[in-house]
$ cat target33.csv   # CSV, C-alpha atoms
chain,number,residue,atom,x,y,z
A,188,MET,CA,0.0,0.0,0.0
A,189,SER,CA,1.6,3.3,-1.1
A,190,CYS,CA,1.1,6.5,1.0
A,191,GLY,CA,2.4,8.7,-1.8
A,192,ASP,CA,0.2,9.9,-4.6
A,193,CYS,CA,2.9,9.5,-7.2
A,194,PRO,CA,3.5,6.1,-8.6
A,195,ASP,CA,5.6,5.4,-11.7
A,196,GLU,CA,6.5,8.9,-12.7
A,197,ASN,CA,8.4,9.3,-9.4
A,198,LEU,CA,10.4,6.2,-9.6
A,199,LEU,CA,14.0,7.1,-10.2
A,200,ASP,CA,16.0,6.1,-13.3
A,201,PHE,CA,19.1,4.4,-12.0
A,202,GLU,CA,21.6,6.0,-14.4
A,203,LYS,CA,20.0,9.4,-13.8
A,204,LEU,CA,20.4,8.9,-10.1
A,205,GLU,CA,24.0,8.0,-10.4
A,206,ASN,CA,24.7,11.1,-12.4
A,207,GLU,CA,22.9,13.3,-9.9
A,208,ILE,CA,24.9,11.9,-7.0
A,209,ALA,CA,28.2,12.6,-8.8
A,210,GLY,CA,27.0,16.1,-9.9
A,211,PHE,CA,29.7,18.6,-10.8
A,212,VAL,CA,30.3,21.5,-8.4
A,213,ASP,CA,31.2,25.0,-9.7
A,214,LYS,CA,34.0,25.8,-7.2
A,215,SER,CA,34.1,29.5,-7.8
A,216,ASN,CA,30.3,29.9,-7.3
A,217,ILE,CA,30.4,27.7,-4.2
A,218,GLU,CA,33.2,29.9,-2.7
A,219,GLU,CA,31.2,33.0,-3.2
A,220,MET,CA,28.2,31.4,-1.5
A,221,LEU,CA,30.3,30.2,1.4
A,222,LYS,CA,31.7,33.7,2.0
A,223,LEU,CA,28.2,35.1,2.2
A,224,GLN,CA,27.2,32.4,4.6
A,225,LEU,CA,30.1,33.2,7.0
A,226,ASN,CA,29.3,36.9,6.7
A,227,GLU,CA,25.7,36.2,7.6
A,228,LEU,CA,26.6,34.0,10.5
A,229,GLU,CA,28.8,36.8,11.9
A,230,MET,CA,26.0,39.3,11.5
A,231,LEU,CA,23.5,36.9,13.3
A,232,GLY,CA,26.1,36.5,16.1
A,233,SER,CA,26.1,40.3,16.7
A,234,MET,CA,22.2,40.3,16.7
A,235,PHE,CA,22.0,37.3,19.1
A,236,PRO,CA,25.1,37.9,21.3
A,237,ASN,CA,23.8,36.3,24.6
A,238,PRO,CA,25.0,32.8,25.5
A,239,GLY,CA,22.7,30.2,24.2
A,240,GLU,CA,20.8,32.4,21.7
A,241,LEU,CA,22.8,31.2,18.6
A,242,VAL,CA,24.4,27.8,18.8
A,243,VAL,CA,26.8,26.3,16.3
A,244,TYR,CA,27.1,22.6,17.3
A,245,ASP,CA,30.1,21.8,15.2
A,246,HIS,CA,32.6,24.6,15.0
A,247,SER,CA,35.0,22.5,13.0
A,248,VAL,CA,32.7,23.1,10.0
A,249,ILE,CA,33.5,26.8,10.1
A,250,ALA,CA,37.2,26.0,10.2
A,251,ASP,CA,36.8,23.6,7.2
A,252,ILE,CA,34.9,26.3,5.3
A,253,ASN,CA,37.8,28.8,5.9
A,254,ASP,CA,40.4,26.2,4.8
A,255,PHE,CA,38.4,25.6,1.6
A,256,LEU,CA,38.1,29.3,0.9
A,257,GLU,CA,41.9,29.8,1.6
A,258,GLY,CA,42.8,27.0,-0.8
A,259,LYS,CA,44.2,24.7,2.0
A,260,THR,CA,41.9,21.9,0.9
A,261,SER,CA,39.9,21.0,-2.2
A,262,VAL,CA,37.5,18.8,-0.2
A,263,LEU,CA,34.1,20.4,0.0
A,264,PRO,CA,33.2,21.1,3.7
A,265,ALA,CA,30.1,19.9,5.4
A,266,CYS,CA,27.1,22.2,5.3
A,267,LEU,CA,26.7,24.8,8.0
A,268,ASP,CA,24.2,24.0,10.8
A,269,PHE,CA,23.2,26.2,13.6
A,270,THR,CA,20.2,26.9,15.9
A,271,ILE,CA,18.7,30.2,17.0
A,272,PHE,CA,16.7,30.1,20.3
A,273,LEU,CA,13.8,32.6,20.3
A,274,THR,CA,11.4,33.5,23.0
A,275,ILE,CA,8.1,34.8,21.6
A,276,ASP,CA,5.2,35.5,24.1
A,277,SER,CA,6.9,33.2,26.7
A,278,LEU,CA,7.1,30.4,24.1
A,279,LYS,CA,10.6,29.2,23.5
A,280,LEU,CA,11.3,28.2,19.9
A,281,GLU,CA,14.2,26.4,18.4
A,282,VAL,CA,14.9,27.7,14.9
A,283,CYS,CA,17.0,25.1,13.2
A,284,VAL,CA,19.0,26.2,10.2
A,285,ASN,CA,20.9,24.3,7.6
A,286,LEU,CA,22.6,26.1,4.8
A,287,PRO,CA,23.2,24.1,1.6
A,288,HIS,CA,26.5,25.0,-0.2
A,289,GLU,CA,24.5,26.9,-2.8
A,290,TYR,CA,22.7,29.2,-0.3
A,291,PRO,CA,21.7,32.0,-0.8
A,292,ALA,CA,21.3,31.2,-4.5
A,293,HIS,CA,19.3,28.2,-3.3
A,294,GLU,CA,16.7,28.1,-0.4
A,295,PRO,CA,18.0,27.4,3.1
A,296,GLU,CA,16.5,24.6,5.2
A,297,VAL,CA,14.8,26.1,8.2
A,298,PHE,CA,12.4,24.5,10.6
A,299,VAL,CA,10.9,25.4,14.0
A,300,ARG,CA,10.4,23.0,16.8
A,301,ASN,CA,9.0,23.2,20.4
A,302,ASP,CA,7.9,20.4,22.6
A,303,ILE,CA,4.8,22.3,23.7
A,304,LEU,CA,3.4,22.8,20.2
A,305,ASN,CA,1.0,20.2,19.1
A,306,ARG,CA,1.5,18.6,15.7
A,307,HIS,CA,-0.9,20.9,13.9
A,308,GLN,CA,0.6,24.0,15.3
A,309,GLN,CA,4.2,22.9,14.4
A,310,HIS,CA,3.2,21.7,10.9
A,311,ASP,CA,1.3,24.9,10.0
A,312,LEU,CA,3.9,27.2,11.5
A,313,ASN,CA,6.6,25.5,9.5
A,314,ALA,CA,4.5,25.5,6.4
A,315,GLY,CA,4.0,29.2,6.7
A,316,LEU,CA,7.7,29.8,7.3
A,317,THR,CA,8.6,27.7,4.3
A,318,GLU,CA,6.2,29.7,2.1
A,319,TYR,CA,7.8,32.9,3.3
A,320,ILE,CA,11.3,31.7,2.6
A,321,THR,CA,10.3,30.6,-0.8
A,322,SER,CA,8.9,34.1,-1.6
A,323,CYS,CA,12.3,35.7,-0.7
A,324,ASP,CA,14.6,36.7,-3.6
A,325,ARG,CA,17.2,34.0,-4.2
A,326,GLY,CA,20.7,35.4,-4.0
A,327,ASP,CA,19.8,37.5,-0.9
A,328,ILE,CA,20.5,36.2,2.6
A,329,CYS,CA,17.2,35.7,4.4
A,330,ILE,CA,17.7,34.0,7.8
A,331,PHE,CA,17.3,37.1,9.9
A,332,SER,CA,14.2,38.2,7.9
A,333,ALA,CA,12.8,34.7,8.5
A,334,VAL,CA,13.4,35.2,12.3
A,335,LEU,CA,11.5,38.6,12.0
A,336,TRP,CA,8.7,36.7,10.2
A,337,LEU,CA,8.5,34.3,13.1
A,338,GLN,CA,8.4,37.0,15.7
A,339,GLU,CA,5.5,38.7,13.9
A,340,ASN,CA,3.5,35.7,12.9
A,341,THR,CA,4.0,33.0,15.5
A,342,PRO,CA,1.3,34.4,17.9
A,343,THR,CA,-1.3,34.4,15.1
A,344,TYR,CA,-0.6,30.8,14.2
A,345,LEU,CA,-0.9,29.7,17.9
A,346,LYS,CA,-4.3,31.4,18.3
A,347,THR,CA,-5.8,30.2,15.0
A,348,VAL,CA,-4.4,26.6,15.1
A,349,LYS,CA,-5.9,25.9,18.5
A,350,LYS,CA,-9.3,25.7,16.8
A,351,VAL,CA,-8.1,22.9,14.5
A,352,GLU,CA,-7.2,20.5,17.3
A,353,PRO,CA,-10.4,18.5,17.9
A,354,LYS,CA,-11.3,16.6,21.0
A,355,LYS,CA,-10.6,12.9,20.6
A,356,VAL,CA,-13.8,10.9,20.5
A,357,PRO,CA,-13.6,7.2,21.6
A,358,ILE,CA,-14.1,4.9,18.7
A,359,LYS,CA,-15.3,1.4,19.1
A,360,SER,CA,-12.9,-1.1,17.7
A,361,SER,CA,-12.1,-4.8,17.7
A,362,GLY,CA,-9.0,-4.0,19.8
A,363,LYS,CA,-6.7,-4.9,17.0
A,364,LYS,CA,-3.6,-2.8,16.6
A,365,THR,CA,-1.9,-2.2,13.2
A,366,PHE,CA,1.8,-2.6,12.9
A,367,ALA,CA,3.2,-0.4,10.2
A,368,ARG,CA,6.4,0.2,8.3
A,369,TYR,CA,7.0,3.5,6.5
A,370,TRP,CA,9.5,3.8,3.6
A,371,ILE,CA,10.5,7.4,3.1
A,372,TYR,CA,12.4,9.1,0.3
A,373,SER,CA,14.1,12.5,0.6
A,374,HIS,CA,15.9,14.5,-2.2
A,375,HIS,CA,18.8,14.6,0.3
A,376,ILE,CA,19.7,14.3,4.0
A,377,TYR,CA,22.9,16.1,5.0
A,378,SER,CA,21.8,18.3,7.9
A,379,LYS,CA,23.3,17.0,11.2
A,380,MET,CA,20.5,18.6,13.2
A,381,LYS,CA,17.8,16.9,11.1
A,382,ARG,CA,19.6,13.6,11.5
A,383,ARG,CA,19.8,14.1,15.2
A,384,GLU,CA,16.1,15.0,15.4
A,385,ILE,CA,15.2,11.9,13.4
A,386,LEU,CA,17.2,9.7,15.9
A,387,ASN,CA,15.6,11.4,18.9
A,388,MET,CA,12.1,11.2,17.6
A,389,SER,CA,12.5,7.5,16.8
A,390,GLN,CA,13.4,6.9,20.4
A,391,GLU,CA,10.5,9.0,21.6
A,392,TYR,CA,7.9,7.1,19.5
A,393,ASN,CA,9.5,3.6,19.9
A,394,ILE,CA,10.3,3.5,16.2
A,395,SER,CA,12.8,1.0,14.8
A,396,GLY,CA,14.5,1.2,11.4
A,397,PHE,CA,17.2,3.3,9.9
A,398,CYS,CA,18.2,6.6,8.3
A,399,LEU,CA,20.5,6.6,5.3
A,400,PRO,CA,21.9,10.1,4.9
A,401,GLY,CA,23.2,11.4,1.5
A,402,LYS,CA,21.6,12.1,-1.8
A,403,PRO,CA,19.0,10.7,-2.0
A,404,GLY,CA,18.2,10.2,1.7
A,405,ILE,CA,16.3,7.2,2.8
A,406,ILE,CA,14.4,6.5,6.0
A,407,CYS,CA,12.6,3.4,7.2
A,408,GLY,CA,10.5,3.6,10.4
A,409,GLU,CA,8.4,0.7,11.8
A,410,GLY,CA,6.2,0.5,14.9
A,411,TRP,CA,2.5,0.7,15.9
A,412,ASP,CA,0.7,2.7,13.2
A,413,ASP,CA,-0.4,5.6,15.5
A,414,ASP,CA,3.2,6.1,16.7
A,415,CYS,CA,4.5,5.9,13.1
A,416,ASP,CA,1.9,8.5,11.9
A,417,GLU,CA,2.9,11.0,14.6
A,418,TRP,CA,6.6,10.4,13.9
A,419,TRP,CA,6.2,10.8,10.2
A,420,MET,CA,4.1,14.0,10.7
A,421,LYS,CA,6.9,15.6,12.8
A,422,ILE,CA,9.6,14.6,10.2
A,423,ARG,CA,7.5,16.0,7.4
A,424,SER,CA,7.0,19.3,9.2
A,425,MET,CA,10.7,20.0,8.8
A,426,ASN,CA,11.8,22.1,5.8
A,427,TRP,CA,12.7,19.7,3.0
A,428,LYS,CA,13.4,20.3,-0.7
A,429,LYS,CA,11.5,17.1,-1.4
A,430,ILE,CA,10.3,14.3,0.9
A,431,MET,CA,7.6,11.7,0.5
A,432,CYS,CA,6.5,8.3,1.8
A,433,LYS,CA,7.1,5.9,-1.1
A,434,LYS,CA,5.5,2.9,0.5
A,435,LYS,CA,3.6,2.0,3.7
A,436,GLU,CA,3.4,-1.6,4.8
A,437,GLU,CA,0.7,-2.7,7.3
A,438,ASP,CA,0.3,-5.8,9.4
A,439,MET,CA,-3.0,-6.3,11.1
A,440,ASN,CA,-2.4,-9.9,12.0
A,441,ASP,CA,-2.9,-10.6,15.7
A,442,GLU,CA,-0.4,-13.5,15.5
A,443,GLY,CA,3.2,-12.9,16.5
A,444,SER,CA,4.6,-10.5,19.1
A,445,GLU,CA,5.7,-7.0,18.5
A,446,LYS,CA,9.3,-8.1,18.6
A,447,GLU,CA,8.6,-10.7,15.9
A,448,LYS,CA,6.9,-8.1,13.7
A,449,ARG,CA,9.9,-5.8,13.7
A,450,LYS,CA,12.6,-6.4,11.0
A,451,PHE,CA,15.0,-4.0,12.7
A,452,THR,CA,16.4,-3.8,16.2
A,453,GLY,CA,16.3,-0.2,17.4
A,454,PHE,CA,16.8,2.8,15.1
A,455,SER,CA,20.3,3.6,13.7
A,456,GLU,CA,22.0,5.8,11.1
A,457,ILE,CA,23.7,3.7,8.4
A,458,SER,CA,26.1,4.5,5.6
A,459,PHE,CA,27.2,2.7,2.4
A,460,GLN,CA,29.6,4.9,0.6
A,461,SER,CA,31.7,3.7,-2.3
A,462,THR,CA,35.4,4.6,-2.5
A,463,GLN,CA,34.8,6.9,-5.5
A,464,GLY,CA,34.4,10.6,-4.8
A,465,LYS,CA,35.1,12.6,-1.7
A,466,ALA,CA,33.0,13.8,1.1
A,467,ARG,CA,29.3,14.4,0.2
A,468,ASP,CA,30.0,13.9,-3.6
A,469,ALA,CA,30.8,10.2,-3.1
A,470,HIS,CA,28.4,7.6,-4.6
A,471,MET,CA,26.2,5.4,-2.4
A,472,ASP,CA,27.2,1.8,-2.8
A,473,MET,CA,23.9,0.5,-4.1
A,474,GLY,CA,25.0,-3.1,-3.9
A,475,GLU,CA,25.8,-2.8,-0.2
A,476,PHE,CA,22.5,-1.1,0.5
A,477,TYR,CA,20.7,-3.9,-1.3
A,478,ARG,CA,22.6,-6.4,0.8
A,479,TYR,CA,21.6,-4.6,3.9
A,480,LEU,CA,17.9,-4.7,2.9
A,481,THR,CA,18.2,-8.4,2.0
A,482,GLN,CA,19.6,-9.1,5.5
A,483,HIS,CA,16.5,-7.6,7.0
A,484,GLY,CA,14.0,-9.2,4.6
A,485,CYS,CA,13.2,-5.9,2.9
A,486,GLN,CA,14.9,-6.3,-0.5
A,487,HIS,CA,11.6,-5.8,-2.3
A,488,VAL,CA,11.6,-2.1,-1.6
A,489,PHE,CA,14.7,-1.4,-3.6
A,490,LYS,CA,12.7,-1.4,-6.8
A,491,ASP,CA,10.1,0.9,-5.2
A,492,TYR,CA,12.8,3.5,-4.6
A,493,PHE,CA,15.0,3.2,-7.7
A,494,GLY,CA,12.8,1.5,-10.3
A,495,VAL,CA,15.3,-1.4,-10.9
A,496,ASP,CA,16.0,-4.7,-9.3
A,497,GLY,CA,18.8,-4.7,-6.8
A,498,LYS,CA,22.1,-6.6,-7.0
A,499,THR,CA,24.6,-7.3,-4.2
A,500,THR,CA,28.1,-6.0,-4.5
A,501,ALA,CA,30.6,-8.7,-5.6
A,502,SER,CA,32.7,-9.9,-2.7
$ encode --input "target33.csv" --output "structure tokens"
Amino acid sequence: MSCGDCPDENLLDFEKLENEIAGFVDKSNIEEMLKLQLNELEMLGSMFPNPGELVVYDHSVIADINDFLEGKTSVLPACLDFTIFLTIDSLKLEVCVNLPHEYPAHEPEVFVRNDILNRHQQHDLNAGLTEYITSCDRGDICIFSAVLWLQENTPTYLKTVKKVEPKKVPIKSSGKKTFARYWIYSHHIYSKMKRREILNMSQEYNISGFCLPGKPGIICGEGWDDDCDEWWMKIRSMNWKKIMCKKKEEDMNDEGSEKEKRKFTGFSEISFQSTQGKARDAHMDMGEFYRYLTQHGCQHVFKDYFGVDGKTTAS
């Protein structure tokens, strides 16, 4: 059963995928973008000078960017991640920011989270923020203007969205619970904070499975259907270039324990990178990924993702 509304036309051509993963990077253009990013980060630091207001979790990325700009290395650095902590009407918001190498020529990835917000509030607030960022002129830095938008609009979203949250009405059922497995495809997953959030939320909702970062990014989450639905809603509320549920598998059979229904033990981040390429431009080793799926009895989904039958890497 598919939970995306896009069947055959969204299946990826294998050769096209390989070419996309190995895409060529215009070094001079990237250098200009990275300079603008460092300048913007410095400006934001002066606007949020108090400890804990602006947090860069991995300062080595800034050092790597400077080394790249100074010609000390030709290896493309990781993308810049940071979080701005805002207080709006006594509500503390985490504004999580990931800047792709091409920003500000391309849209930044920005999403807002808060443990007090219900799923509708968080989803609608992030949808409004994404719409605003999309409307900004590409080529212009926009993180601070996005923060201003949040300061102006967050109170309105909190007031209006409260009406959307209906009271839960008890529903008579046979007592059966559905076990589900979600197969998710993203255009890419590089952001360290998103990866950290996915891992944390999987523990919160008792989801087992894996996250495979890179381009494309692949996530598998399994658990009771209600838990999976909440988990998927929170992941989807983040700012993504493209993300969809390619396939949803359901098991309504009462036989077998929860442990027997799970194909994965816990939730982990995995990596299958070939020796070709450097850093984020390296190819995913499709054969090793197919082998991993086979080991967990899930090899059938390879074709759902890539449109071709999988093959294991020769040993």
$ closest_residue --input "target33.csv" --among "A:Tyr244, A:Trp411, A:Tyr492, A:Tyr377" --to "Cys266 (chain A)" --atoms "only C-alpha atoms"
A:Tyr377
$ closest_residue --input "target33.csv" --among "A:Pro295, A:Gly474, A:Gly232, A:Pro342" --to "Asp324 (chain A)" --atoms "all atoms listed in the file"
A:Pro295
$ residues_around --input "target33.csv" --residues "Ile430 (chain A)" --least-positions-apart "2" --cutoff "8 Å" --atoms "all atoms listed in the file" --output "CSV table (one decimal) with C-alpha atoms, in the coordinates of the input"
chain,number,residue,atom,x,y,z
A,371,ILE,CA,10.5,7.4,3.1
A,372,TYR,CA,12.4,9.1,0.3
A,373,SER,CA,14.1,12.5,0.6
A,374,HIS,CA,15.9,14.5,-2.2
A,423,ARG,CA,7.5,16.0,7.4
A,427,TRP,CA,12.7,19.7,3.0
A,428,LYS,CA,13.4,20.3,-0.7
A,432,CYS,CA,6.5,8.3,1.8
$ atom_distance --input "target33.csv" --atom1 "CA of Ala367 (chain A)" --atom2 "CA of Thr481 (chain A)"
18.9 Å
$ closest_residue --input "target33.csv" --among "A:Phe459, A:Phe489, A:Trp336, A:Trp370" --to "Leu399 (chain A)" --atoms "only C-alpha atoms"
A:Phe459
$ closest_residue --input "target33.csv" --among "A:Asn393, A:Ser458, A:Gln224, A:Asn440" --to "Asp327 (chain A)" --atoms "all atoms listed in the file"
A:Gln224
$ residues_around --input "target33.csv" --residues "region 267-272 of chain A" --least-positions-apart "5" --cutoff "8 Å" --atoms "all atoms listed in the file" --output "list in words"
Gly239, Glu240, Leu241, Val242, Val243, Tyr244, Asp245, Val248, Ile249, Lys279, Leu280, Glu281, Val282, Cys283, Val284, Asn285, Leu286, Pro287, Ser378, Lys379 and Met380 of chain A
$ atom_distance --input "target33.csv" --atom1 "CA of Met431 (chain A)" --atom2 "CA of Gln308 (chain A)"
20.5 Å
$ closest_residue --input "target33.csv" --among "A:Gln309, A:Asn237, A:Thr321, A:Ser277" --to "Glu294 (chain A)" --atoms "only C-alpha atoms"
A:Thr321
$ atom_distance --input "target33.csv" --atom1 "CA of Phe255 (chain A)" --atom2 "CA of Leu221 (chain A)"
9.3 Å
